[in-house]
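Asker: Mind having a look at this structure? Questions to follow.
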Amino acid sequence: MSPVTVQVPAKVNLQLAVGAVRPDGFHELVSVFHAVSLFDEVTVAPADALTVTLDGEGAGEVPLDRDNLAARAVELLADRLGQSPNVHIHIRKGIPVAGGMAGGSADAAATLLACDTMWRGNTPREMLRRLGAELGSDVPFSDLGGTAIGTGRGERLAAVASVARFHWVFALADGGLSTPAVYRECDRLRDEAGDDIPAPAPREELIAALRAGDAPALGAAMTNDLQAAAISLRPSLRDTLLAGTAAGAVGALVSGSGPTCAFLAADEDAAKSVARSLEASGTCRTTRVAYGPVSGARVLPRLWNSESGAV
């Protein structure tokens, strides 16, 4: 069996509507996912034991044991296919770690596809997504990519057609935010306010803006019900959002559970200008410029040369 490498994108939630807590302890969600051009690459190869290695920014913050979602993905698929889980997983990070952009979920989705390819499991992609949903709510979208509406815990997906490329700036913060902690804070703030919690639903104006390729309309329609909780736990995020808006972004929100902040720009040049202004503002650690939508997890072609074969 030869090594297999899969490239997988980050995501931003254009809308994250958080409903009430369900009997199973999860929140009912509607999430409009959007895959962007920040990528991890996951390579799997046969080994004597299940091991994980990693390089890239934030590598020291990622677990390399069975707590890593990629390792759990290997065990899940191996059990289904009757394979040994003894593989070496190498993750090259390009997605911010603990940044609310689903980097761990992306690695799990990539690992499922890479192992299935290496083991020649021929598992349908829809089945890989169902397996991914057992690992985490964002894993199925990391496999699908593009733009999609997620319902339930976010794992049930319906693709949304979009005719345009949208340009993004992501402002990265120091340290991460715990997703469970942000959800708990969201619940606490709602209880404190005594707010009624409506059933989550996609915003019609957001879907219309996506289909029309209208960046200003999309920026105006973006929402995140976890944003107030993320700012409550990390008040400095408010300054970051204000700085990006002042720099000319047509839309701004905390990405998922944070602490990364996402800024939609009118075009590519505007995105570069917003990034420069954000870095000069001192309200973030650094920035990344990207575009979307992009494809989900995909197997990268192997490189060959005539003398030594595959490399």
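Just so we're on the same page: first chain in the structure tokens is A, next is B, and so on; residues restart at 1 for each chain, and ligands are numbered from 1 in the order they show up.
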Excluding segment 110-112 of chain A and its own-chain neighbours fewer than 6 positions away, which residues fall within 8 Å of it when counting only C-alpha atoms? Please give them as an MDAnalysis selection string.
Answerer: chainID A and resid 6:8 41:44 70 73:74 77 89 128 132 142:143 297:298
Asker: Write out as JSON lines the residues of segment 106-153 of chain A that have any atom within 10 Å of an atom of segment 196-213 of chain A, one row each with the nearest atom pair and its distance in Å to one decimal, counting only C-alpha atoms, sorted by chain and then rising number.
Answerer:
{"residue": "A:Thr147", "atom": "CA", "partner": "A:Leu210", "partner_atom": "CA", "distance": 8.9}
{"residue": "A:Ala148", "atom": "CA", "partner": "A:Ile207", "partner_atom": "CA", "distance": 9.9}
{"residue": "A:Ile149", "atom": "CA", "partner": "A:Pro202", "partner_atom": "CA", "distance": 7.6}
{"residue": "A:Gly150", "atom": "CA", "partner": "A:Pro202", "partner_atom": "CA", "distance": 9.3}
{"residue": "A:Thr151", "atom": "CA", "partner": "A:Ala201", "partner_atom": "CA", "distance": 8.7}
{"residue": "A:Gly152", "atom": "CA", "partner": "A:Pro200", "partner_atom": "CA", "distance": 9.8}
Asker: Using only C-alpha atoms, tabulate the residues of segment 62-179 of chain A lying at most 6 Å from any atom of segment 265-271 of chain A, each with its closest atom pair and that distance in Å to one decimal, by chain and increasing residue number, as a tab-separated table.
Answerer:
residue	atom	partner	partner_atom	distance
A:His167	CA	A:Ala265	CA	5.5
A:Trp168	CA	A:Ala265	CA	5.8
A:Val169	CA	A:Ala271	CA	6.0
Asker: Could you give me, as a PyMOL selection string, the residues within 10 Å of Asp48 of chain A, counting only C-alpha atoms and dropping anything in the same chain fewer than 4 positions from it?
Answerer: chain A and resi 84-88
Asker: So that I have them on file, write out the residues from the current selection with C-alpha atoms, as a CSV table (one decimal), in the first residue's frame.
Answerer:
chain,number,residue,atom,x,y,z
A,84,SER,CA,-5.4,-2.8,10.8
A,85,PRO,CA,-5.4,0.8,12.1
A,86,ASN,CA,-1.6,0.8,12.1
A,87,VAL,CA,-0.9,3.8,10.0
A,88,HIS,CA,1.3,6.9,10.2
Asker: Of the candidates A:Val250, A:Leu131, A:Leu157, A:Val21, which shows the shortest atom-to-atom distance to Tyr183 of chain A, using only C-alpha atoms?
Answerer: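 Of A:Val250, A:Leu131, A:Leu157, A:Val21, the one nearest Tyr183 of chain A, counting only C-alpha atoms, is A:Val21.
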Asker: For each of A:Ala193, A:Val163, A:Leu237, A:Ala171, take the minimum atom-to-atom distance to Glu279 of chain A, counting only C-alpha atoms, then give the residue where this is smallest.
Answerer: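 Answer, going by the shortest atom-to-atom distance: A:Ala171.
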Asker: Using only C-alpha atoms for the distances, tell me which of A:Ser137, A:Ser2, A:Ser277, A:Thr260 is nearest to Arg153 of chain A.
Answerer: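 So, comparing all the options, the nearest one is A:Ser137.
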Asker: What is the atom CA of Leu69 of chain A to atom CA of Val18 of chain A distance in Å?
Answerer: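 Those two atoms sit 23.7 Å apart.
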